[in-house]
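Worksheet: one structure, shown below.
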Amino acid sequence: MKKSIKINKHSSTIEIKSKKKGLIMTIKLDEIAKKKKIKYFLISYVDFFGVLRSKLVPAQSIKEMQKEGAGFAGFSTYLDMSPSDPDMAAIPDPRSLIQLPWQPDVGWLAGDLWMNGKPVASSPRVMLRNQIDKLAKKNMYLKSGVECEYFLITPDGSSIADQNDIADKPCYDQSALMRQYDLIKAICDSMIMLGWGPYQNDHEDANGQFEMNWDFSDCLQTADRHVFFKFMVRTLAEKKGLRATFMPKPFLNKTGNGCHAHLSIWNNKGKNLFNDKKDNLGLSKTAYNFMGGIINSAEALTAWFNPTINSYKRINAPVTASGATWAPNTITYSGNNRTHMIRVPGPGRFELRLMDGATNPYLLQAGILAAGIDGIENKRSPGKPINVNMYEDGHKVKGAKKLPLTLEKALSHLDKSKVLKSAFSKETINSYIKLKNKEIKKYKSSIVKKIGFKGSKQNSKNNVITQWEKDNTLDC
C-alpha cells in the first residue's frame, strides 16, 4: 500500500494518507501517552552551543502542547535574542518521540522553534530541516551515521574513572572494556530497546575512552538520536557514580573525543547515489562533487564542527601517549587512511573525521548538507586523493590547506563564507559569530588555573588544559 506523508508544521502532527483507501491517520501524542503509559514529556530543543533545553510537560497537557508548543525565552539560552523578544514555542515533532528506557513513564521529544507564527530561522533544528528540504527538491536525501567518542571520568573531572586503565596502547583493550560492562551494557540495551540497531561497543584509543556504534539513518533522525545519545550516556553514567564527557580534549596527553560522520546520498527509490563500482574508490561523480563542497568550505565549517576553544587542542595536537592523535590537521582526502580529514573506507560512502564531541548535532548535519549541496550545484572537485601518512609525511604534500589553528581563525573563515551565508543567511551566521566571540572574550578575561603535565610548556596555551575549559566544556 503506497502512502504519502504530509507534515503540518504548525501543529507538528503527521498525516499519513493512503492512496489506496484515502485514509488519513494523524499521530496524536495524547493517544500515544495513554497507550505507552507515558506520564510526562520532555519537550526540548538545542541552542547554538549544542545545549539541550527542555520543559517537563504532564501527559494531560500534551494535546495542547502539540498544537501550541512549549514556551521558552530565547535570550535565556545561546540564541542571539534580547529580553524584549516574545516567547519562542518549541513545537514537538512526534516522529522524534523516544520513551526513556530507564524511565519509561517519560517521553522525550525534539522540538522546532517558532516565533510570531514562523519558524525561527536561526535555530539549529530548523536550519537542518531547511537544508533537507533544499536537497529533497533534487530528489536526494542524506543518510548519515555518527561515531560519538566519550570519556568516563571521576565526578570532579580530574581524572579518568578507571585507575587501572593505564596501558600504553589501550585501544580495544578487553579488560578495560569489561570493567565498565555494567554501564556499557545499560547504554547498549537502551539502544536495542529503542530500535537503533547498535552493533558494536569498544574501548577507544585513549585510557578511559569509549565508542558505541548504531545503524545509520536519515540525517534528521541521526541528529535527534545524536542529541539523545549524549543525554542518555551522561545520565546512565551518573547513575553509576561516574561522569561521561564528550569534551574534545579533556586530557592533554590522551587522544581527544572525535565525532566522525559517515555520509551517503540516496534517492526516494532507495538507490545510493554515491555508489559507482567502476571508480577506484567506489564513489560516483555526485559523491566527489559533494565531497568537493565540503573540502571547499572546510575552514568555515570548522567553526561549527569544532566549536570550542578546547577543540583546537585536538585537531592541532602533538603526538599523544598512544602514538597518534587520530585527528586531522590538513584539508585532504584519501582511501582507507585515517590520517586524512576525509576517509573512503569502502564504496558508496565516505567518512568525515573533522568533527569533535562538542559539535552541535544539528549544525553538524546542516553544515554538511549546505556545503555538499554547493558542491553538487557548482560541480566542485575535491582533487585527487592523497595516499600518504599525513602524520609523518603531511609536510611533503604541496598545496593542501591547513585547518584553522584557533576558534578565532575558524570564525573568521565562517564570516567570509559566501556558501554558508547564502545557505543560512548573513543574520544567522553573524548571530553565531557574535555569541562565540562573547565566549572567547570571557575565556581571555577569566583568571584561569592551568592544568598541565610534567614537561609541558607553560607559555603555550595549546600545551595546557585550563580550568575555564574544563568548567565550560566537560558537559558539552
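Ordered as shown in the C-alpha cells, chains take letters A, B, and onward, while each chain numbers its residues from 1 and ligands are numbered from 1 in the order shown.
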Region 320-387 of chain A near region 401-421 of chain A within 12 Å: what's each residue's closest atom pair and its distance in Å to one decimal, counting only C-alpha atoms, ordered by chain then ascending residue number, as a tab-separated table?
residue	atom	partner	partner_atom	distance
A:Ala327	CA	A:Leu403	CA	11.0
A:Pro328	CA	A:Leu403	CA	8.1
A:Asn329	CA	A:Leu403	CA	5.4
A:Thr330	CA	A:Lys402	CA	4.3
A:Ile331	CA	A:Lys401	CA	5.5
A:Thr332	CA	A:Lys401	CA	7.9
A:Tyr333	CA	A:Lys401	CA	11.7
A:His340	CA	A:Lys402	CA	11.4
A:Met341	CA	A:Leu403	CA	9.5
A:Leu354	CA	A:Leu403	CA	9.4
A:Met355	CA	A:Leu403	CA	11.9
A:Leu363	CA	A:Leu420	CA	11.4
A:Ala366	CA	A:Leu420	CA	9.9
A:Gly367	CA	A:Leu420	CA	7.8
A:Ile368	CA	A:Leu420	CA	10.4
A:Leu369	CA	A:Leu420	CA	10.3
A:Ala370	CA	A:Leu420	CA	6.8
A:Ala371	CA	A:Val419	CA	7.0
A:Gly372	CA	A:Val419	CA	10.2
A:Ile373	CA	A:Val419	CA	9.7
A:Asp374	CA	A:Val419	CA	7.0
A:Gly375	CA	A:Val419	CA	9.8
A:Glu377	CA	A:Val419	CA	11.4
A:Asn378	CA	A:Val419	CA	10.9
Q: Could you give me, as a PyMOL selection string, the residues within 10 Å of Cys188 (chain A), counting only C-alpha atoms and dropping anything in the same chain fewer than 6 positions from it?
A: chain A and resi 194+196-201+212-214+233
Using C-alpha atoms, can you export the residues from the last selection as a short mmCIF file (atom, residue, chain, number, x, y, z; two decimals), in the first residue's frame?
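Saved to out28.cif:
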data_model
loop_
_atom_site.label_atom_id
_atom_site.label_comp_id
_atom_site.auth_asym_id
_atom_site.auth_seq_id
_atom_site.Cartn_x
_atom_site.Cartn_y
_atom_site.Cartn_z
CA LEU A 194 14.79 1.86 21.07
CA TRP A 196 18.54 1.93 16.86
CA GLY A 197 20.41 -1.19 15.77
CA PRO A 198 23.59 -0.91 17.85
CA TYR A 199 26.20 -3.29 16.51
CA GLN A 200 29.47 -2.78 18.41
CA ASN A 201 30.99 -1.16 21.50
CA MET A 212 29.40 2.86 20.64
CA ASN A 213 28.04 2.45 17.12
CA TRP A 214 24.48 2.19 15.88
CA VAL A 233 25.20 8.37 28.22
#
Q. Can you list, as a list in words, every protein, DNA or RNA residue that comes within 7 Å of region 379-394 of chain A when you count only C-alpha atoms, leaving out same-chain residues fewer than 3 positions away?
A. Tyr288, Asn289, Met291, Gly292, Gly293, Ile295, Tyr333, Ser334, Thr339, His340, Gly375, Ile376 and Val397 of chain A
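In terms of minimum interatomic distance to Met115 (chain A), A:Ala73 ranks closest within A:Ala136, A:Met127, A:Ala73, A:Ile27, counting only C-alpha atoms.
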Q: Name all residues at most 6 Å from Gly335 (chain A) (count only C-alpha atoms; drop same-chain ones fewer than 2 positions away) and give them as a count of residues only.
A: 3
Q: Identify, on the basis of only C-alpha atoms, every residue whose closest approach to region 51-67 of chain A does not exceed 10 Å; exclude the query and any residue fewer than 4 positions from it along the same chain; express the result as a PyMOL selection string.
A: chain A and resi 8-13+28-34+37-47+71-72+77-78+89-94+105-111+227-228+230-231+358+360+475-476
Expected file: the selected residues, C-alpha atoms, as a compact mmCIF listing (two decimals), in the first residue's frame:
# COMPACT_ATOMS: atom_id res chain seq x y z
CA ASN A 8 1.62 20.02 9.38
CA LYS A 9 4.47 22.19 10.66
CA HIS A 10 2.38 24.36 12.94
CA SER A 11 0.60 21.59 14.82
CA SER A 12 3.56 19.23 14.45
CA THR A 13 1.38 16.27 13.51
CA LYS A 28 -1.60 12.18 18.32
CA LEU A 29 0.71 12.37 21.29
CA ASP A 30 -2.08 12.27 23.85
CA GLU A 31 -3.24 8.92 22.50
CA ILE A 32 0.33 7.61 22.40
CA ALA A 33 0.74 8.66 26.04
CA LYS A 34 -2.21 6.51 27.08
CA LYS A 37 1.70 4.77 29.74
CA ILE A 38 3.75 7.94 29.41
CA LYS A 39 3.05 10.36 32.26
CA TYR A 40 5.42 13.17 31.28
CA PHE A 41 7.05 14.53 28.13
CA LEU A 42 10.34 16.39 27.81
CA ILE A 43 9.76 18.91 25.01
CA SER A 44 13.22 20.01 24.00
CA TYR A 45 15.36 21.99 21.61
CA VAL A 46 19.08 22.56 21.15
CA ASP A 47 20.55 26.08 21.06
CA GLY A 71 7.17 28.42 25.61
CA PHE A 72 10.80 29.49 26.07
CA THR A 77 19.78 30.40 26.13
CA TYR A 78 22.52 30.56 23.49
CA ALA A 89 7.35 27.98 21.03
CA ALA A 90 9.04 24.59 20.76
CA ILE A 91 6.64 22.57 18.62
CA PRO A 92 7.32 18.88 19.33
CA ASP A 93 7.98 16.60 16.37
CA PRO A 94 6.08 13.37 17.16
CA ASP A 105 6.91 6.96 32.07
CA VAL A 106 8.81 9.85 30.42
CA GLY A 107 8.91 10.53 26.69
CA TRP A 108 11.50 12.79 25.00
CA LEU A 109 10.59 14.96 22.02
CA ALA A 110 12.73 17.12 19.76
CA GLY A 111 11.08 20.43 19.00
CA VAL A 227 21.30 14.62 20.85
CA PHE A 228 19.55 11.92 22.87
CA LYS A 230 24.69 12.28 24.69
CA PHE A 231 21.92 12.87 27.23
CA ALA A 358 31.38 19.30 21.24
CA ASN A 360 26.12 20.62 17.69
CA ASP A 475 29.48 18.84 29.89
CA CYS A 476 29.27 19.96 26.26
